[in-house]
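Colleague: Structure: final22.pdb, PDB, C-alpha atoms.
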```
MODEL        1
ATOM      1  CA  MET A   1      49.337 -54.137 -36.519  1.00  0.00           C
ATOM      2  CA  ALA A   2      47.517 -50.796 -36.540  1.00  0.00           C
ATOM      3  CA  ALA A   3      45.765 -49.693 -39.693  1.00  0.00           C
ATOM      4  CA  SER A   4      47.386 -46.702 -41.351  1.00  0.00           C
ATOM      5  CA  SER A   5      45.445 -43.694 -42.539  1.00  0.00           C
ATOM      6  CA  HIS A   6      44.753 -43.445 -46.248  1.00  0.00           C
ATOM      7  CA  ARG A   7      45.674 -39.764 -46.211  1.00  0.00           C
ATOM      8  CA  ALA A   8      48.542 -37.696 -44.940  1.00  0.00           C
ATOM      9  CA  ALA A   9      48.120 -35.501 -41.890  1.00  0.00           C
ATOM     10  CA  PRO A  10      47.364 -31.911 -42.860  1.00  0.00           C
ATOM     11  CA  GLU A  11      50.202 -29.397 -42.897  1.00  0.00           C
ATOM     12  CA  HIS A  12      49.696 -26.183 -40.966  1.00  0.00           C
ATOM     13  CA  ILE A  13      51.170 -22.713 -41.303  1.00  0.00           C
ATOM     14  CA  HIS A  14      51.442 -20.642 -38.142  1.00  0.00           C
ATOM     15  CA  PRO A  15      49.750 -17.231 -38.470  1.00  0.00           C
ATOM     16  CA  ASP A  16      53.092 -15.546 -37.645  1.00  0.00           C
ATOM     17  CA  ASP A  17      54.355 -16.815 -41.014  1.00  0.00           C
ATOM     18  CA  VAL A  18      51.388 -15.527 -43.040  1.00  0.00           C
ATOM     19  CA  PRO A  19      51.565 -12.278 -45.047  1.00  0.00           C
ATOM     20  CA  VAL A  20      48.568  -9.995 -44.580  1.00  0.00           C
ATOM     21  CA  LEU A  21      47.600 -10.284 -48.266  1.00  0.00           C
ATOM     22  CA  ALA A  22      47.408 -14.090 -47.969  1.00  0.00           C
ATOM     23  CA  ALA A  23      45.127 -13.732 -44.943  1.00  0.00           C
ATOM     24  CA  LEU A  24      42.910 -11.237 -46.748  1.00  0.00           C
ATOM     25  CA  ALA A  25      42.749 -13.402 -49.878  1.00  0.00           C
ATOM     26  CA  ALA A  26      41.726 -16.441 -47.817  1.00  0.00           C
ATOM     27  CA  LEU A  27      38.949 -14.471 -46.137  1.00  0.00           C
ATOM     28  CA  ALA A  28      37.715 -12.853 -49.362  1.00  0.00           C
ATOM     29  CA  ASP A  29      36.136 -16.023 -50.748  1.00  0.00           C
ATOM     30  CA  PRO A  30      32.458 -16.458 -49.759  1.00  0.00           C
ATOM     31  CA  VAL A  31      32.768 -20.212 -49.124  1.00  0.00           C
ATOM     32  CA  ARG A  32      35.845 -19.782 -46.939  1.00  0.00           C
ATOM     33  CA  LEU A  33      34.193 -16.908 -45.101  1.00  0.00           C
ATOM     34  CA  THR A  34      31.218 -19.174 -44.373  1.00  0.00           C
ATOM     35  CA  LEU A  35      33.546 -21.878 -43.054  1.00  0.00           C
ATOM     36  CA  VAL A  36      35.356 -19.401 -40.789  1.00  0.00           C
ATOM     37  CA  ARG A  37      32.100 -17.896 -39.516  1.00  0.00           C
ATOM     38  CA  GLU A  38      30.656 -21.330 -38.720  1.00  0.00           C
ATOM     39  CA  LEU A  39      33.864 -22.391 -36.984  1.00  0.00           C
ATOM     40  CA  ALA A  40      33.840 -19.180 -34.937  1.00  0.00           C
ATOM     41  CA  GLY A  41      30.427 -20.158 -33.601  1.00  0.00           C
ATOM     42  CA  SER A  42      31.366 -23.762 -32.833  1.00  0.00           C
ATOM     43  CA  ALA A  43      33.322 -25.444 -30.073  1.00  0.00           C
ATOM     44  CA  GLU A  44      36.903 -26.329 -30.964  1.00  0.00           C
ATOM     45  CA  TRP A  45      37.325 -29.671 -32.697  1.00  0.00           C
ATOM     46  CA  SER A  46      33.542 -30.180 -32.881  1.00  0.00           C
ATOM     47  CA  ARG A  47      33.090 -29.727 -36.642  1.00  0.00           C
ATOM     48  CA  SER A  48      34.097 -32.297 -39.212  1.00  0.00           C
ATOM     49  CA  CYS A  49      34.716 -31.163 -42.775  1.00  0.00           C
ATOM     50  CA  GLY A  50      31.496 -32.775 -43.959  1.00  0.00           C
ATOM     51  CA  SER A  51      29.352 -30.920 -41.412  1.00  0.00           C
ATOM     52  CA  PHE A  52      29.386 -27.590 -43.256  1.00  0.00           C
ATOM     53  CA  ASP A  53      26.512 -26.617 -45.521  1.00  0.00           C
ATOM     54  CA  VAL A  54      28.376 -25.017 -48.410  1.00  0.00           C
ATOM     55  CA  PRO A  55      27.567 -25.222 -52.131  1.00  0.00           C
ATOM     56  CA  VAL A  56      30.750 -27.019 -53.215  1.00  0.00           C
ATOM     57  CA  GLY A  57      31.810 -30.603 -53.757  1.00  0.00           C
ATOM     58  CA  LYS A  58      34.204 -32.594 -51.627  1.00  0.00           C
ATOM     59  CA  ALA A  59      37.316 -31.759 -53.692  1.00  0.00           C
ATOM     60  CA  ALA A  60      36.555 -28.029 -53.684  1.00  0.00           C
ATOM     61  CA  LEU A  61      35.860 -28.136 -49.948  1.00  0.00           C
ATOM     62  CA  SER A  62      39.257 -29.781 -49.381  1.00  0.00           C
ATOM     63  CA  HIS A  63      40.861 -26.988 -51.405  1.00  0.00           C
ATOM     64  CA  HIS A  64      39.096 -24.307 -49.347  1.00  0.00           C
ATOM     65  CA  PHE A  65      40.305 -25.902 -46.102  1.00  0.00           C
ATOM     66  CA  ALA A  66      43.851 -26.089 -47.521  1.00  0.00           C
ATOM     67  CA  VAL A  67      43.733 -22.351 -48.252  1.00  0.00           C
ATOM     68  CA  LEU A  68      42.481 -21.640 -44.729  1.00  0.00           C
ATOM     69  CA  ARG A  69      45.272 -23.795 -43.247  1.00  0.00           C
ATOM     70  CA  GLY A  70      47.791 -21.985 -45.449  1.00  0.00           C
ATOM     71  CA  ALA A  71      46.561 -18.654 -44.120  1.00  0.00           C
ATOM     72  CA  GLY A  72      46.942 -19.816 -40.521  1.00  0.00           C
ATOM     73  CA  LEU A  73      43.197 -19.611 -39.877  1.00  0.00           C
ATOM     74  CA  VAL A  74      42.319 -23.259 -39.373  1.00  0.00           C
ATOM     75  CA  GLU A  75      43.935 -26.240 -37.724  1.00  0.00           C
ATOM     76  CA  GLN A  76      42.785 -29.757 -38.575  1.00  0.00           C
ATOM     77  CA  ARG A  77      43.342 -33.208 -37.143  1.00  0.00           C
ATOM     78  CA  ASP A  78      42.066 -36.653 -37.952  1.00  0.00           C
ATOM     79  CA  GLU A  79      39.791 -38.407 -35.470  1.00  0.00           C
ATOM     80  CA  GLY A  80      39.074 -41.837 -36.831  1.00  0.00           C
ATOM     81  CA  PRO A  81      37.566 -41.475 -40.293  1.00  0.00           C
ATOM     82  CA  LYS A  82      36.739 -37.787 -39.789  1.00  0.00           C
ATOM     83  CA  ARG A  83      38.887 -34.697 -40.112  1.00  0.00           C
ATOM     84  CA  VAL A  84      37.897 -32.152 -37.479  1.00  0.00           C
ATOM     85  CA  ASN A  85      38.633 -28.452 -37.397  1.00  0.00           C
ATOM     86  CA  ARG A  86      39.254 -25.551 -35.104  1.00  0.00           C
ATOM     87  CA  LEU A  87      39.559 -21.854 -35.808  1.00  0.00           C
ATOM     88  CA  ARG A  88      42.982 -20.623 -34.691  1.00  0.00           C
ATOM     89  CA  ARG A  89      41.399 -17.500 -33.283  1.00  0.00           C
ATOM     90  CA  ALA A  90      43.906 -16.616 -30.558  1.00  0.00           C
ATOM     91  CA  GLU A  91      46.932 -17.174 -32.794  1.00  0.00           C
ATOM     92  CA  PHE A  92      45.378 -15.305 -35.735  1.00  0.00           C
ATOM     93  CA  ASP A  93      44.263 -12.413 -33.503  1.00  0.00           C
ATOM     94  CA  ALA A  94      47.791 -12.085 -32.119  1.00  0.00           C
ATOM     95  CA  ARG A  95      49.164 -11.788 -35.678  1.00  0.00           C
ATOM     96  CA  PHE A  96      46.376  -9.611 -37.123  1.00  0.00           C
ATOM     97  CA  PRO A  97      44.638  -7.828 -34.206  1.00  0.00           C
ATOM     98  CA  GLY A  98      41.028  -6.958 -34.998  1.00  0.00           C
ATOM     99  CA  LEU A  99      40.965  -8.428 -38.513  1.00  0.00           C
ATOM    100  CA  LEU A 100      38.970 -11.525 -37.660  1.00  0.00           C
ATOM    101  CA  ASP A 101      36.503  -9.527 -35.548  1.00  0.00           C
ATOM    102  CA  LEU A 102      35.963  -7.143 -38.435  1.00  0.00           C
ATOM    103  CA  VAL A 103      35.405  -9.966 -40.912  1.00  0.00           C
ATOM    104  CA  LEU A 104      33.138 -11.964 -38.613  1.00  0.00           C
ATOM    105  CA  HIS A 105      30.928  -8.982 -37.795  1.00  0.00           C
ATOM    106  CA  THR A 106      30.601  -7.549 -41.302  1.00  0.00           C
ATOM    107  CA  PRO A 107      27.203  -8.353 -42.835  1.00  0.00           C
ATOM    108  CA  ASP A 108      27.222 -10.727 -45.765  1.00  0.00           C
ATOM    109  CA  PRO A 109      26.656  -8.560 -48.869  1.00  0.00           C
ATOM    110  CA  SER A 110      24.715 -11.359 -50.574  1.00  0.00           C
ATOM    111  CA  SER A 111      22.094 -11.248 -47.798  1.00  0.00           C
ATOM    112  CA  ARG A 112      21.225  -7.582 -48.316  1.00  0.00           C
ATOM    113  CA  GLN A 113      17.937  -6.654 -49.895  1.00  0.00           C
ATOM    114  CA  GLY A 114      18.269  -4.133 -52.734  1.00  0.00           C
TER     115      GLY A 114
ENDMDL
END
```
Can you present the structure in this file as structure tokens?

Modeller:
Amino acid sequence: MAASSHRAAPEHIHPDDVPVLAALAALADPVRLTLVRELAGSAEWSRSCGSFDVPVGKAALSHHFAVLRGAGLVEQRDEGPKRVNRLRRAEFDARFPGLLDLVLHTPDPSSRQG
């Protein structure tokens, strides 16, 4: 008998079903923006949730990924004990042309010297 997972598979929202304000709100948070930027620079399905260097705990990180899934930005799947991620770039770009490029190429305001 196969062992069952201790957690439910993540639910995903397709970008076509996401209002623009939900997408903007998801991208406005600095932690979520970091996650999206790191995923954009990584191969699909190569990053587990625990591989991101962000200043939040495990529960908060799970919440941030749930928001990104709800905005149609991220897709997740379980591979053994790890949950791996991919940026839904093509789907998101089809729904909101140019938005992700703009966000990914805007300098981080916290890195500016005053």

Colleague: With only C-alpha atoms as the counted atoms, please give the residues lying no more than 8 Å from region 93-98 of chain A, apart from itself and same-chain residues fewer than 5 positions off, as a ChimeraX atom specification.

Modeller: /A:15-16,20

Colleague: Any chance you could resolve the PyMOL selection byres ((chain A and resi 75) around 8) against this file and give the residues as a ChimeraX atom specification?

Modeller: /A:12,69,72-74,76-77,85-88

Colleague: Please write the residues from the selection above to a file, keeping C-alpha atoms, as a PDB file, keeping the file's coordinate frame.

Modeller:
```pdb
ATOM      1  CA  HIS A  12      49.696 -26.183 -40.966  1.00  0.00           C
ATOM      2  CA  ARG A  69      45.272 -23.795 -43.247  1.00  0.00           C
ATOM      3  CA  GLY A  72      46.942 -19.816 -40.521  1.00  0.00           C
ATOM      4  CA  LEU A  73      43.197 -19.611 -39.877  1.00  0.00           C
ATOM      5  CA  VAL A  74      42.319 -23.259 -39.373  1.00  0.00           C
ATOM      6  CA  GLN A  76      42.785 -29.757 -38.575  1.00  0.00           C
ATOM      7  CA  ARG A  77      43.342 -33.208 -37.143  1.00  0.00           C
ATOM      8  CA  ASN A  85      38.633 -28.452 -37.397  1.00  0.00           C
ATOM      9  CA  ARG A  86      39.254 -25.551 -35.104  1.00  0.00           C
ATOM     10  CA  LEU A  87      39.559 -21.854 -35.808  1.00  0.00           C
ATOM     11  CA  ARG A  88      42.982 -20.623 -34.691  1.00  0.00           C
TER      12      ARG A  88
END
```

Colleague: List every protein, DNA or RNA residue with an atom no more than 10 Å from (41.5, -33.6, -38.5) in the file's coordinates, counting only C-alpha atoms, and format the result as a list in words.

Modeller: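 Those residues lying close to the given coordinates are Ala9, Pro10, Trp45, Arg47, Ser48, Cys49, Glu75, Gln76, Arg77, Asp78, Glu79, Gly80, Pro81, Lys82, Arg83, Val84, Asn85 and Arg86 of chain A.
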
Colleague: Please determine, counting all atoms listed in the file, which residue among A:Leu24, A:Leu104, A:Leu99, A:Arg89 has the shortest atom-to-atom distance to Glu44 (chain A).

Modeller: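 Closest residue, counting all atoms listed in the file: A:Arg89.
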
Colleague: Rounded to one decimal, what separation in Å do you get between CA of His105 (chain A) and CA of Arg37 (chain A)?

Modeller: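 Here the two named atoms are 9.2 Å from each other.
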
Colleague: Hey, can you check how far CA of Ala60 (chain A) sits from CA of Ala90 (chain A)?

Modeller: 26.8 Å

Colleague: Within 12 Å of Val56 (chain A), counting only C-alpha atoms, which residues qualify if same-chain residues fewer than 4 places away don't, as a PyMOL selection string?

Modeller: chain A and resi 30-32+34-35+49-50+52+60-65

Colleague: Please determine, counting all atoms listed in the file, which residue among A:Arg7, A:His14, A:Gly70, A:Glu38 has the shortest atom-to-atom distance to Asp53 (chain A).

Modeller: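 Counting all atoms listed in the file, the residue closest to Asp53 (chain A) is A:Glu38.
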
Colleague: Which residue out of A:Ala43, A:Ala71, A:Val36, A:Ala59 has the minimum interatomic distance to Leu21 (chain A) when only C-alpha atoms are used?

Modeller: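 Answer, going by the shortest atom-to-atom distance: A:Ala71.
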
Colleague: Kindly add all heavy atoms to the incomplete region 23-34 of chain A and provide the output as a PDB file, in the frame of the given file.

Modeller:
```pdb
ATOM      1  N   ALA A  23      46.252 -13.640 -45.878  1.00  0.00           N
ATOM      2  CA  ALA A  23      45.127 -13.732 -44.943  1.00  0.00           C
ATOM      3  C   ALA A  23      43.886 -13.092 -45.544  1.00  0.00           C
ATOM      4  O   ALA A  23      42.790 -13.659 -45.481  1.00  0.00           O
ATOM      5  CB  ALA A  23      45.490 -13.063 -43.621  1.00  0.00           C
ATOM      6  N   LEU A  24      44.055 -11.924 -46.139  1.00  0.00           N
ATOM      7  CA  LEU A  24      42.910 -11.237 -46.748  1.00  0.00           C
ATOM      8  C   LEU A  24      42.346 -12.029 -47.919  1.00  0.00           C
ATOM      9  O   LEU A  24      41.123 -12.128 -48.072  1.00  0.00           O
ATOM     10  CB  LEU A  24      43.324  -9.836 -47.205  1.00  0.00           C
ATOM     11  CG  LEU A  24      43.633  -8.846 -46.091  1.00  0.00           C
ATOM     12  CD1 LEU A  24      44.222  -7.568 -46.678  1.00  0.00           C
ATOM     13  CD2 LEU A  24      42.401  -8.544 -45.257  1.00  0.00           C
ATOM     14  N   ALA A  25      43.210 -12.602 -48.734  1.00  0.00           N
ATOM     15  CA  ALA A  25      42.749 -13.402 -49.878  1.00  0.00           C
ATOM     16  C   ALA A  25      41.961 -14.624 -49.404  1.00  0.00           C
ATOM     17  O   ALA A  25      40.931 -14.973 -49.990  1.00  0.00           O
ATOM     18  CB  ALA A  25      43.938 -13.828 -50.731  1.00  0.00           C
ATOM     19  N   ALA A  26      42.430 -15.261 -48.337  1.00  0.00           N
ATOM     20  CA  ALA A  26      41.726 -16.441 -47.817  1.00  0.00           C
ATOM     21  C   ALA A  26      40.340 -16.061 -47.321  1.00  0.00           C
ATOM     22  O   ALA A  26      39.380 -16.807 -47.509  1.00  0.00           O
ATOM     23  CB  ALA A  26      42.532 -17.084 -46.693  1.00  0.00           C
ATOM     24  N   LEU A  27      40.227 -14.904 -46.701  1.00  0.00           N
ATOM     25  CA  LEU A  27      38.949 -14.471 -46.137  1.00  0.00           C
ATOM     26  C   LEU A  27      38.020 -13.825 -47.166  1.00  0.00           C
ATOM     27  O   LEU A  27      36.844 -13.613 -46.887  1.00  0.00           O
ATOM     28  CB  LEU A  27      39.200 -13.494 -44.988  1.00  0.00           C
ATOM     29  CG  LEU A  27      39.828 -14.129 -43.745  1.00  0.00           C
ATOM     30  CD1 LEU A  27      40.352 -13.054 -42.808  1.00  0.00           C
ATOM     31  CD2 LEU A  27      38.819 -15.016 -43.050  1.00  0.00           C
ATOM     32  N   ALA A  28      38.522 -13.533 -48.351  1.00  0.00           N
ATOM     33  CA  ALA A  28      37.715 -12.853 -49.362  1.00  0.00           C
ATOM     34  C   ALA A  28      36.738 -13.780 -50.083  1.00  0.00           C
ATOM     35  O   ALA A  28      35.751 -13.325 -50.640  1.00  0.00           O
ATOM     36  CB  ALA A  28      38.633 -12.178 -50.392  1.00  0.00           C
ATOM     37  N   ASP A  29      36.999 -15.070 -50.054  1.00  0.00           N
ATOM     38  CA  ASP A  29      36.136 -16.023 -50.748  1.00  0.00           C
ATOM     39  C   ASP A  29      34.890 -16.309 -49.913  1.00  0.00           C
ATOM     40  O   ASP A  29      34.993 -16.591 -48.718  1.00  0.00           O
ATOM     41  CB  ASP A  29      36.905 -17.322 -50.992  1.00  0.00           C
ATOM     42  CG  ASP A  29      36.064 -18.325 -51.745  1.00  0.00           C
ATOM     43  OD1 ASP A  29      36.095 -18.299 -52.984  1.00  0.00           O
ATOM     44  OD2 ASP A  29      35.361 -19.111 -51.073  1.00  0.00           O
ATOM     45  N   PRO A  30      33.693 -16.247 -50.528  1.00  0.00           N
ATOM     46  CA  PRO A  30      32.458 -16.458 -49.759  1.00  0.00           C
ATOM     47  C   PRO A  30      32.351 -17.829 -49.092  1.00  0.00           C
ATOM     48  O   PRO A  30      31.830 -17.930 -47.981  1.00  0.00           O
ATOM     49  CB  PRO A  30      31.335 -16.276 -50.785  1.00  0.00           C
ATOM     50  CG  PRO A  30      31.948 -15.699 -51.996  1.00  0.00           C
ATOM     51  CD  PRO A  30      33.429 -15.901 -51.911  1.00  0.00           C
ATOM     52  N   VAL A  31      32.834 -18.877 -49.731  1.00  0.00           N
ATOM     53  CA  VAL A  31      32.768 -20.212 -49.124  1.00  0.00           C
ATOM     54  C   VAL A  31      33.690 -20.266 -47.914  1.00  0.00           C
ATOM     55  O   VAL A  31      33.301 -20.735 -46.841  1.00  0.00           O
ATOM     56  CB  VAL A  31      33.119 -21.318 -50.145  1.00  0.00           C
ATOM     57  CG1 VAL A  31      33.277 -22.673 -49.454  1.00  0.00           C
ATOM     58  CG2 VAL A  31      32.042 -21.400 -51.223  1.00  0.00           C
ATOM     59  N   ARG A  32      34.907 -19.767 -48.069  1.00  0.00           N
ATOM     60  CA  ARG A  32      35.845 -19.782 -46.939  1.00  0.00           C
ATOM     61  C   ARG A  32      35.356 -18.895 -45.808  1.00  0.00           C
ATOM     62  O   ARG A  32      35.503 -19.240 -44.630  1.00  0.00           O
ATOM     63  CB  ARG A  32      37.241 -19.387 -47.403  1.00  0.00           C
ATOM     64  CG  ARG A  32      37.867 -20.454 -48.290  1.00  0.00           C
ATOM     65  CD  ARG A  32      39.327 -20.229 -48.528  1.00  0.00           C
ATOM     66  NE  ARG A  32      39.643 -19.106 -49.375  1.00  0.00           N
ATOM     67  CZ  ARG A  32      39.772 -19.153 -50.693  1.00  0.00           C
ATOM     68  NH1 ARG A  32      39.596 -20.300 -51.342  1.00  0.00           N
ATOM     69  NH2 ARG A  32      40.082 -18.080 -51.383  1.00  0.00           N
ATOM     70  N   LEU A  33      34.744 -17.782 -46.133  1.00  0.00           N
ATOM     71  CA  LEU A  33      34.193 -16.908 -45.101  1.00  0.00           C
ATOM     72  C   LEU A  33      33.085 -17.633 -44.334  1.00  0.00           C
ATOM     73  O   LEU A  33      33.015 -17.549 -43.103  1.00  0.00           O
ATOM     74  CB  LEU A  33      33.669 -15.621 -45.721  1.00  0.00           C
ATOM     75  CG  LEU A  33      33.147 -14.567 -44.751  1.00  0.00           C
ATOM     76  CD1 LEU A  33      34.187 -14.208 -43.703  1.00  0.00           C
ATOM     77  CD2 LEU A  33      32.716 -13.334 -45.520  1.00  0.00           C
ATOM     78  N   THR A  34      32.254 -18.381 -45.029  1.00  0.00           N
ATOM     79  CA  THR A  34      31.218 -19.174 -44.373  1.00  0.00           C
ATOM     80  C   THR A  34      31.844 -20.199 -43.439  1.00  0.00           C
ATOM     81  O   THR A  34      31.396 -20.372 -42.294  1.00  0.00           O
ATOM     82  CB  THR A  34      30.327 -19.880 -45.415  1.00  0.00           C
ATOM     83  OG1 THR A  34      29.645 -18.883 -46.182  1.00  0.00           O
ATOM     84  CG2 THR A  34      29.311 -20.800 -44.763  1.00  0.00           C
TER      85      THR A  34
END
```
